[in-house]
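Only one structure is covered here, and it is reproduced in the block below.
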Amino acid sequence: MTWPYFPFFVRVADLEVLLVGGGEVALRKARLLNKAGARVAVVSEAVHPGFDEIDSVRVIGRQFKVEQLDGVRLCIAATDDAALNRTVAAACEARGIWVNVVDDPLASRIITPAIIDRSPILIAIGSAGQAPVLARRLRERLEGLIPQGYGRLARFIGAVRERLKGQVTPDDARRLWEAFLDGPGAEAALQGDTATAQAAVDDWLAGNPSRRGEVWLVGAGPGDPDLLTFKALRLMQSCDVVLFDRLIPDAIMDLVRRDSERVFVGKKRDQHTVPQEEINAELLRRAQAGQRVLRLKGGDPFIFGRGGEEIEPLARAGVPFQVVPGITAASGCAAYAGIPLTHRDHAQTCLFVTGHARADGQLSLPWDTLARRGQTVVVYMGLATLATLCAAFRGHGLPDDWPCAMVENGTLASQRVVTGTLADLPQRVTDAGLSGPSLLIVGTVVRLHRTLGIVTAPGMS
Ligand SMILES: C[S@@+](CC[C@H](N)C(=O)[O-])C[C@H]1O[C@@H](n2cnc3c(N)ncnc32)[C@H](O)[C@@H]1O
């Protein structure tokens, strides 16, 4: 199929552009032209007040006249009068001036694309005017895939290329940038760490390509893959090896780079968790061997995730690391179960605590702070100690009929919510046979589940 248009970028800095129209559509065009440095002359009966905020705009008349095209190289007709727009287009064609008519590709010599802006990287998507909504959809999808830091990365590469001009052959320059983009320097430049990025370039030039490893401690959220952050996804797709635990569902593991090595550190076959010291040592060893190590954790690494313990040895050894927050189980379960954790009429405070018992079987929790009205308490790892927890809440002053809920496998298709009171929830949970990862929510916000607990997770019924 032949192309209906030839795509290219035009330098409009200091170019005189005529914009016929002064409404909202024209205003959007004026803003874009201003971004690119054009001088914009506006012709319109009425001009949107937003034009006042654009420096490069001058209003030169109320009615379109052919003489206004003198000295103009580019024109945009954006009035709501189709006949006037066509008159402007015809006048431009007659004078060899490039013209765009909004929503009228047939009258346009040029059309404007949907734009993804990671300046200096600009991605333009066009549909030859046939399906602009589809082009915008595509833009939305790509927006999520292209990190905001791409602009920083491109500027870094641009600056170094300028400095290296004449010092390396074009072939070497290409090899350098290919190696750079596959290595740790690119990730550093994306983050704005130009010193590390520059070190990667210097190492390559010295014939010693960087083998610098690093660790990415990434929160994978509570289970639904749609709750991953863009950054988590990007690092998942760039790692050499992933160390993951029991809470990471297959649907999320499927998104990790296919040829990365996978190391399961959740439970061994004998059902013993890999000791924390072994995980810490493994992260350090692999990063020091030059690997980009993804440590993928359920929820948020810094909320009952031992994230601090895992990065301390790295920090001590000077191994670079990044921590990427994830949606913690409390936020995920609350949202998908329709239980707001705070609510003006119910809870002004929300506390996250662990229900994990100490080696002596005791819970060490600040009960006087927890057993209060007007707040929500979320208990992680409280399934095994549920009866003890509920008894302690009652023993410290909350009534027997105080609402509470257990959410199992929150945000997954298998999510189950069991509601009850401090007096009867343990039995209800036993009757329901909950055994997966479960979160206890205590407080009158649980009453809202009845009205807000609509089906939100994929496949949930
Ligand atoms: C070791 S903690 C890890 C918490 C994690 N770092 C976070 O921010 O969600 C594990 C506990 O989190 C809770 N949990 C994690 N994912 C869950 C889910 N999808 N549904 C319910 N509870 C969950 C359970 O209480 C589980 O025992």
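Residue numbering restarts at 1 in every chain; chains get A, B, ... in the order shown in the structure tokens, and ligands count up from 1 in that same order.
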Nearby residues (only C-alpha atoms) at most 10 Å from Thr342 of chain A, same-chain spacing under 3 positions excluded, as a PyMOL selection string
chain A and resi 339+345-350+374-376+443-445
Grab me every residue within 8 Å of ligand 1, counting only C-alpha atoms and all ligand atoms, and send it over as a ChimeraX atom specification.
/A:219,221-223,247,297-306,326-330,332-333,354,379-383,407-412,415,436-440
Output C-alpha atoms of each residue in that selection to a file, as an mmCIF file, in the first residue's frame.
```cif
data_model
loop_
_atom_site.group_PDB
_atom_site.id
_atom_site.type_symbol
_atom_site.label_atom_id
_atom_site.label_comp_id
_atom_site.auth_asym_id
_atom_site.auth_seq_id
_atom_site.Cartn_x
_atom_site.Cartn_y
_atom_site.Cartn_z
ATOM 1 C CA GLY A 219 7.403 -4.894 44.769
ATOM 2 C CA GLY A 221 1.899 -5.974 44.315
ATOM 3 C CA PRO A 222 -0.680 -8.298 45.850
ATOM 4 C CA GLY A 223 -1.221 -10.593 42.867
ATOM 5 C CA LEU A 247 3.571 -14.879 46.847
ATOM 6 C CA LYS A 297 8.674 -9.560 46.333
ATOM 7 C CA GLY A 298 4.945 -9.716 46.970
ATOM 8 C CA GLY A 299 3.246 -6.402 47.789
ATOM 9 C CA ASP A 300 5.664 -3.663 48.797
ATOM 10 C CA PRO A 301 9.222 -4.639 49.745
ATOM 11 C CA PHE A 302 9.311 -2.199 52.664
ATOM 12 C CA ILE A 303 6.047 -3.358 54.267
ATOM 13 C CA PHE A 304 6.576 -6.615 56.148
ATOM 14 C CA GLY A 305 8.793 -7.608 53.249
ATOM 15 C CA ARG A 306 12.243 -7.672 54.883
ATOM 16 C CA GLY A 326 4.570 -2.063 45.024
ATOM 17 C CA ILE A 327 0.931 -1.973 46.024
ATOM 18 C CA THR A 328 0.841 -3.487 49.471
ATOM 19 C CA ALA A 329 -1.666 -6.227 50.342
ATOM 20 C CA ALA A 330 -3.653 -3.842 52.567
ATOM 21 C CA GLY A 332 -4.983 -4.146 47.163
ATOM 22 C CA CYS A 333 -7.291 -6.225 49.382
ATOM 23 C CA THR A 354 1.858 -8.197 61.837
ATOM 24 C CA VAL A 379 -3.189 -7.408 60.321
ATOM 25 C CA TYR A 380 -0.741 -9.112 57.947
ATOM 26 C CA MET A 381 0.133 -12.784 58.541
ATOM 27 C CA GLY A 382 -2.714 -13.148 60.997
ATOM 28 C CA LEU A 383 -4.476 -16.261 59.705
ATOM 29 C CA VAL A 407 -9.576 -11.329 52.732
ATOM 30 C CA GLU A 408 -7.900 -14.354 51.172
ATOM 31 C CA ASN A 409 -5.942 -14.159 47.875
ATOM 32 C CA GLY A 410 -6.831 -10.486 47.570
ATOM 33 C CA THR A 411 -6.946 -9.020 44.017
ATOM 34 C CA LEU A 412 -6.757 -12.478 42.418
ATOM 35 C CA GLN A 415 -10.227 -13.749 46.173
ATOM 36 C CA GLY A 436 -4.102 -18.867 51.222
ATOM 37 C CA PRO A 437 -2.423 -15.523 51.973
ATOM 38 C CA SER A 438 -4.998 -13.688 54.091
ATOM 39 C CA LEU A 439 -5.340 -10.247 55.572
ATOM 40 C CA LEU A 440 -7.429 -9.317 58.600
#
```
Could you list, with a cut-off of 10 Å and counting only C-alpha atoms, the residues of segment 189-291 of chain A near segment 151-169 of chain A, each shown with its nearest atom pair and the distance in Å rounded to one decimal, rows sorted by chain and ascending number, as a Markdown table?
```
| residue | atom | partner | partner_atom | distance |
| --- | --- | --- | --- | --- |
| A:Ala189 | CA | A:Leu153 | CA | 5.1 |
| A:Leu190 | CA | A:Leu153 | CA | 5.1 |
| A:Gln191 | CA | A:Arg152 | CA | 7.9 |
| A:Gly192 | CA | A:Arg152 | CA | 6.5 |
| A:Asp193 | CA | A:Arg152 | CA | 9.7 |
| A:Thr194 | CA | A:Phe156 | CA | 7.3 |
| A:Ala197 | CA | A:Phe156 | CA | 8.4 |
| A:Gln198 | CA | A:Val160 | CA | 8.3 |
| A:Val201 | CA | A:Val160 | CA | 8.7 |
| A:Leu205 | CA | A:Val168 | CA | 9.0 |
```
Could you check the closest approach to Ile454 of chain A for each of A:Ala337, A:Met1, A:Val256, A:Ile125 and tell me which residue wins, using only C-alpha atoms?
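Of all the options, A:Ala337 lies closest to Ile454 of chain A.
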Pick from A:Val377, A:Ile111, A:Leu33, A:Val25: nearest to Val12 of chain A, with only C-alpha atoms counted?
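Among the listed residues, A:Leu33 lies closest to Val12 of chain A.
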Would you please extract all strand (DSSP E or B) residues from segment 272-421 of chain A, as assigned by DSSP on the backbone, and give them as an mmCIF file with C-alpha atoms, in the first residue's frame?
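Output below, filename out-v8.cif:
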```cif
data_model
loop_
_atom_site.group_PDB
_atom_site.id
_atom_site.type_symbol
_atom_site.label_atom_id
_atom_site.label_comp_id
_atom_site.auth_asym_id
_atom_site.auth_seq_id
_atom_site.Cartn_x
_atom_site.Cartn_y
_atom_site.Cartn_z
ATOM 1 C CA THR A 273 11.901 -21.064 53.878
ATOM 2 C CA ARG A 292 21.461 -7.529 37.137
ATOM 3 C CA VAL A 293 19.507 -9.200 39.864
ATOM 4 C CA LEU A 294 15.767 -8.792 40.233
ATOM 5 C CA ARG A 295 14.548 -9.519 43.741
ATOM 6 C CA LEU A 296 10.806 -9.781 43.213
ATOM 7 C CA LYS A 297 8.674 -9.560 46.333
ATOM 8 C CA GLY A 299 3.246 -6.402 47.789
ATOM 9 C CA PHE A 321 20.522 -1.125 44.202
ATOM 10 C CA GLN A 322 17.099 0.309 43.525
ATOM 11 C CA VAL A 323 13.912 -0.196 45.509
ATOM 12 C CA VAL A 324 10.648 -0.109 43.574
ATOM 13 C CA HIS A 343 -13.532 6.918 55.899
ATOM 14 C CA ALA A 347 -11.854 5.682 60.685
ATOM 15 C CA THR A 349 -6.420 6.360 61.523
ATOM 16 C CA CYS A 350 -5.196 3.183 59.883
ATOM 17 C CA LEU A 351 -2.549 0.920 61.382
ATOM 18 C CA PHE A 352 -0.690 -1.960 59.710
ATOM 19 C CA VAL A 353 0.572 -4.636 62.083
ATOM 20 C CA THR A 354 1.858 -8.197 61.837
ATOM 21 C CA GLN A 375 -9.603 3.511 63.356
ATOM 22 C CA THR A 376 -8.886 0.564 61.092
ATOM 23 C CA VAL A 377 -6.327 -2.078 61.972
ATOM 24 C CA VAL A 378 -4.929 -4.253 59.187
ATOM 25 C CA VAL A 379 -3.189 -7.408 60.321
ATOM 26 C CA TYR A 380 -0.741 -9.112 57.947
ATOM 27 C CA PRO A 403 -16.858 -5.716 62.588
ATOM 28 C CA CYS A 404 -13.907 -7.444 60.974
ATOM 29 C CA ALA A 405 -13.108 -9.295 57.750
ATOM 30 C CA MET A 406 -10.581 -11.730 56.382
ATOM 31 C CA VAL A 407 -9.576 -11.329 52.732
ATOM 32 C CA GLU A 408 -7.900 -14.354 51.172
ATOM 33 C CA ARG A 416 -12.605 -14.590 49.031
ATOM 34 C CA VAL A 417 -13.901 -12.209 51.686
ATOM 35 C CA VAL A 418 -15.276 -13.530 54.966
ATOM 36 C CA THR A 419 -16.893 -10.906 57.191
ATOM 37 C CA GLY A 420 -18.040 -11.222 60.783
ATOM 38 C CA THR A 421 -17.428 -9.851 64.248
#
```
Can you list, as a ChimeraX atom specification, every protein, DNA or RNA residue that comes within 12 Å of Ala90 of chain A when you count only C-alpha atoms, leaving out same-chain residues fewer than 4 positions away?
/A:66,69,75,77,83-86,94-101,106-109
Okay, now the selection with all heavy atoms, as a compact mmCIF listing (two decimals), in the first residue's frame?
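So part01.txt came out as:
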```
# COMPACT_ATOMS: atom_id res chain seq x y z
N VAL A 66 -6.36 37.15 2.78
CA VAL A 66 -5.27 36.46 2.08
C VAL A 66 -3.92 37.10 2.40
O VAL A 66 -2.90 36.41 2.53
CB VAL A 66 -5.56 36.45 0.57
CG1 VAL A 66 -4.42 35.79 -0.19
CG2 VAL A 66 -6.85 35.71 0.28
N LEU A 69 -1.30 35.87 4.87
CA LEU A 69 -0.42 34.73 4.58
C LEU A 69 0.96 35.19 4.11
O LEU A 69 1.86 34.37 3.92
CB LEU A 69 -1.05 33.84 3.49
CG LEU A 69 -2.30 33.06 3.93
CD1 LEU A 69 -2.97 32.39 2.76
CD2 LEU A 69 -1.91 32.00 4.97
N CYS A 75 0.36 27.00 7.94
CA CYS A 75 -0.91 27.58 8.40
C CYS A 75 -1.79 26.47 8.95
O CYS A 75 -1.81 25.35 8.44
CB CYS A 75 -1.58 28.26 7.20
SG CYS A 75 -3.22 28.88 7.57
N ALA A 77 -5.81 25.83 9.97
CA ALA A 77 -7.18 26.36 9.99
C ALA A 77 -7.95 25.54 11.01
O ALA A 77 -8.14 24.33 10.83
CB ALA A 77 -7.81 26.24 8.61
N ALA A 83 -16.52 25.83 5.90
CA ALA A 83 -16.34 26.55 4.63
C ALA A 83 -15.17 27.51 4.74
O ALA A 83 -14.32 27.61 3.83
CB ALA A 83 -17.62 27.29 4.28
N LEU A 84 -15.07 28.22 5.87
CA LEU A 84 -13.96 29.15 6.06
C LEU A 84 -12.63 28.38 6.07
O LEU A 84 -11.65 28.80 5.43
CB LEU A 84 -14.15 29.93 7.39
CG LEU A 84 -12.97 30.80 7.82
CD1 LEU A 84 -12.61 31.84 6.76
CD2 LEU A 84 -13.25 31.49 9.16
N ASN A 85 -12.62 27.25 6.78
CA ASN A 85 -11.39 26.45 6.82
C ASN A 85 -10.94 26.08 5.39
O ASN A 85 -9.77 26.14 5.06
CB ASN A 85 -11.61 25.16 7.63
CG ASN A 85 -11.71 25.44 9.12
OD1 ASN A 85 -11.37 26.53 9.57
ND2 ASN A 85 -12.17 24.47 9.88
N ARG A 86 -11.91 25.71 4.57
CA ARG A 86 -11.58 25.31 3.19
C ARG A 86 -11.08 26.51 2.38
O ARG A 86 -10.19 26.38 1.53
CB ARG A 86 -12.80 24.69 2.52
CG ARG A 86 -13.09 23.30 3.08
CD ARG A 86 -13.07 22.29 1.98
NE ARG A 86 -12.93 20.95 2.53
CZ ARG A 86 -13.04 19.85 1.82
NH1 ARG A 86 -13.29 19.92 0.54
NH2 ARG A 86 -12.88 18.67 2.35
N ALA A 94 -2.79 27.77 -3.12
CA ALA A 94 -2.46 28.66 -4.24
C ALA A 94 -1.10 29.32 -4.04
O ALA A 94 -0.40 29.62 -5.01
CB ALA A 94 -3.55 29.72 -4.37
N ARG A 95 -0.70 29.52 -2.79
CA ARG A 95 0.58 30.20 -2.53
C ARG A 95 1.70 29.22 -2.14
O ARG A 95 2.77 29.65 -1.71
CB ARG A 95 0.41 31.18 -1.37
CG ARG A 95 -0.48 32.34 -1.73
CD ARG A 95 -0.75 33.18 -0.49
NE ARG A 95 -1.16 34.50 -0.91
CZ ARG A 95 -0.66 35.62 -0.44
NH1 ARG A 95 0.28 35.59 0.47
NH2 ARG A 95 -1.10 36.77 -0.86
N GLY A 96 1.41 27.94 -2.19
CA GLY A 96 2.45 26.95 -1.84
C GLY A 96 2.76 26.91 -0.35
O GLY A 96 3.86 26.53 0.04
N ILE A 97 1.78 27.31 0.47
CA ILE A 97 1.99 27.28 1.93
C ILE A 97 1.39 25.99 2.46
O ILE A 97 0.28 25.60 2.08
CB ILE A 97 1.29 28.50 2.58
CG1 ILE A 97 1.96 29.78 2.10
CG2 ILE A 97 1.32 28.39 4.10
CD1 ILE A 97 1.18 31.04 2.46
N TRP A 98 2.14 25.31 3.34
CA TRP A 98 1.63 24.07 3.90
C TRP A 98 0.51 24.35 4.89
O TRP A 98 0.65 25.23 5.74
CB TRP A 98 2.76 23.29 4.57
CG TRP A 98 3.64 22.66 3.52
CD1 TRP A 98 3.47 22.78 2.17
CD2 TRP A 98 4.76 21.85 3.74
NE1 TRP A 98 4.43 22.07 1.52
CE2 TRP A 98 5.25 21.48 2.46
CE3 TRP A 98 5.43 21.39 4.85
CZ2 TRP A 98 6.36 20.68 2.29
CZ3 TRP A 98 6.53 20.59 4.68
CH2 TRP A 98 6.98 20.23 3.41
N VAL A 99 -0.58 23.59 4.72
CA VAL A 99 -1.75 23.88 5.55
C VAL A 99 -2.30 22.61 6.20
O VAL A 99 -2.30 21.54 5.60
CB VAL A 99 -2.85 24.59 4.72
CG1 VAL A 99 -3.39 23.69 3.61
CG2 VAL A 99 -3.99 25.08 5.61
N ASN A 100 -2.74 22.78 7.42
CA ASN A 100 -3.47 21.72 8.11
C ASN A 100 -4.85 22.24 8.45
O ASN A 100 -4.98 23.33 9.01
CB ASN A 100 -2.73 21.31 9.41
CG ASN A 100 -3.58 20.41 10.29
OD1 ASN A 100 -3.99 20.82 11.37
ND2 ASN A 100 -3.85 19.22 9.84
N VAL A 101 -5.87 21.47 8.06
CA VAL A 101 -7.23 21.85 8.42
C VAL A 101 -7.73 20.83 9.44
O VAL A 101 -7.76 19.62 9.16
CB VAL A 101 -8.16 21.87 7.19
CG1 VAL A 101 -9.57 22.30 7.61
CG2 VAL A 101 -7.61 22.80 6.13
N LEU A 106 -8.84 15.78 3.85
CA LEU A 106 -8.85 16.00 2.40
C LEU A 106 -8.40 17.41 2.05
O LEU A 106 -7.78 17.64 1.02
CB LEU A 106 -10.25 15.76 1.84
CG LEU A 106 -10.64 14.29 1.68
CD1 LEU A 106 -12.03 14.18 1.10
CD2 LEU A 106 -9.61 13.56 0.80
N ALA A 107 -8.71 18.37 2.91
CA ALA A 107 -8.31 19.76 2.64
C ALA A 107 -6.91 20.05 3.17
O ALA A 107 -6.38 21.14 2.96
CB ALA A 107 -9.32 20.71 3.28
N SER A 108 -6.30 19.09 3.85
CA SER A 108 -5.00 19.34 4.51
C SER A 108 -3.85 18.88 3.64
O SER A 108 -3.89 17.79 3.06
CB SER A 108 -4.93 18.55 5.83
OG SER A 108 -5.92 18.99 6.72
N ARG A 109 -2.80 19.67 3.59
CA ARG A 109 -1.55 19.23 2.97
C ARG A 109 -0.73 18.44 4.00
O ARG A 109 -0.06 17.48 3.68
CB ARG A 109 -0.77 20.47 2.47
CG ARG A 109 0.59 20.23 1.92
CD ARG A 109 0.63 19.37 0.68
NE ARG A 109 -0.18 19.84 -0.44
CZ ARG A 109 -0.26 19.20 -1.61
NH1 ARG A 109 0.41 18.07 -1.80
NH2 ARG A 109 -1.00 19.65 -2.56
```
Could you list, as a PyMOL selection string, every residue within 10 Å of Lys35 of chain A, counting only C-alpha atoms and ignoring same-chain residues fewer than 3 positions away?
chain A and resi 12-13+29-32+38+54+56
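Between atom CA of Leu452 of chain A and atom CA of Ser331 of chain A the interatomic distance comes to 14.8 Å.
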Using only C-alpha atoms, which residues sit within 10 Å of His48 of chain A once same-chain residues fewer than 3 positions away are excluded, as a list of chain:residue names?
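Here the answer would be A:Gly21, A:Gly22, A:Gly23, A:Glu24, A:Val25, A:Ala26, A:Leu27, A:Ser44, A:Phe51, A:Asp52.
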Selection from above, N, CA, C and O atoms, as a short mmCIF file (atom, residue, chain, number, x, y, z; two decimals), in the first residue's frame, can you write it?
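And here is the file that came out, part33.cif:
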```cif
data_model
loop_
_atom_site.label_atom_id
_atom_site.label_comp_id
_atom_site.auth_asym_id
_atom_site.auth_seq_id
_atom_site.Cartn_x
_atom_site.Cartn_y
_atom_site.Cartn_z
N GLY A 21 -8.52 30.75 13.80
CA GLY A 21 -9.40 30.14 14.80
C GLY A 21 -8.88 30.50 16.19
O GLY A 21 -7.66 30.63 16.38
N GLY A 22 -9.82 30.66 17.13
CA GLY A 22 -9.40 31.08 18.47
C GLY A 22 -10.06 30.28 19.58
O GLY A 22 -10.00 30.68 20.74
N GLY A 23 -10.65 29.14 19.24
CA GLY A 23 -11.33 28.33 20.26
C GLY A 23 -10.39 27.33 20.91
O GLY A 23 -9.16 27.46 20.82
N GLU A 24 -11.00 26.32 21.55
CA GLU A 24 -10.19 25.36 22.31
C GLU A 24 -9.27 24.53 21.43
O GLU A 24 -8.13 24.25 21.79
N VAL A 25 -9.79 24.14 20.24
CA VAL A 25 -8.97 23.32 19.34
C VAL A 25 -7.76 24.14 18.90
O VAL A 25 -6.61 23.67 18.91
N ALA A 26 -8.01 25.39 18.53
CA ALA A 26 -6.92 26.26 18.09
C ALA A 26 -5.93 26.46 19.23
O ALA A 26 -4.71 26.49 19.03
N LEU A 27 -6.45 26.58 20.46
CA LEU A 27 -5.58 26.78 21.62
C LEU A 27 -4.62 25.60 21.79
O LEU A 27 -3.43 25.78 22.04
N SER A 44 -8.98 35.56 14.60
CA SER A 44 -10.25 35.03 15.10
C SER A 44 -11.13 36.14 15.62
O SER A 44 -10.64 37.15 16.14
N PHE A 51 -5.17 31.77 25.50
CA PHE A 51 -4.12 32.27 24.60
C PHE A 51 -3.22 33.28 25.31
O PHE A 51 -2.06 33.44 24.95
N ASP A 52 -3.80 33.97 26.34
CA ASP A 52 -3.02 34.99 27.06
C ASP A 52 -1.77 34.41 27.70
O ASP A 52 -0.78 35.11 27.93
#
```
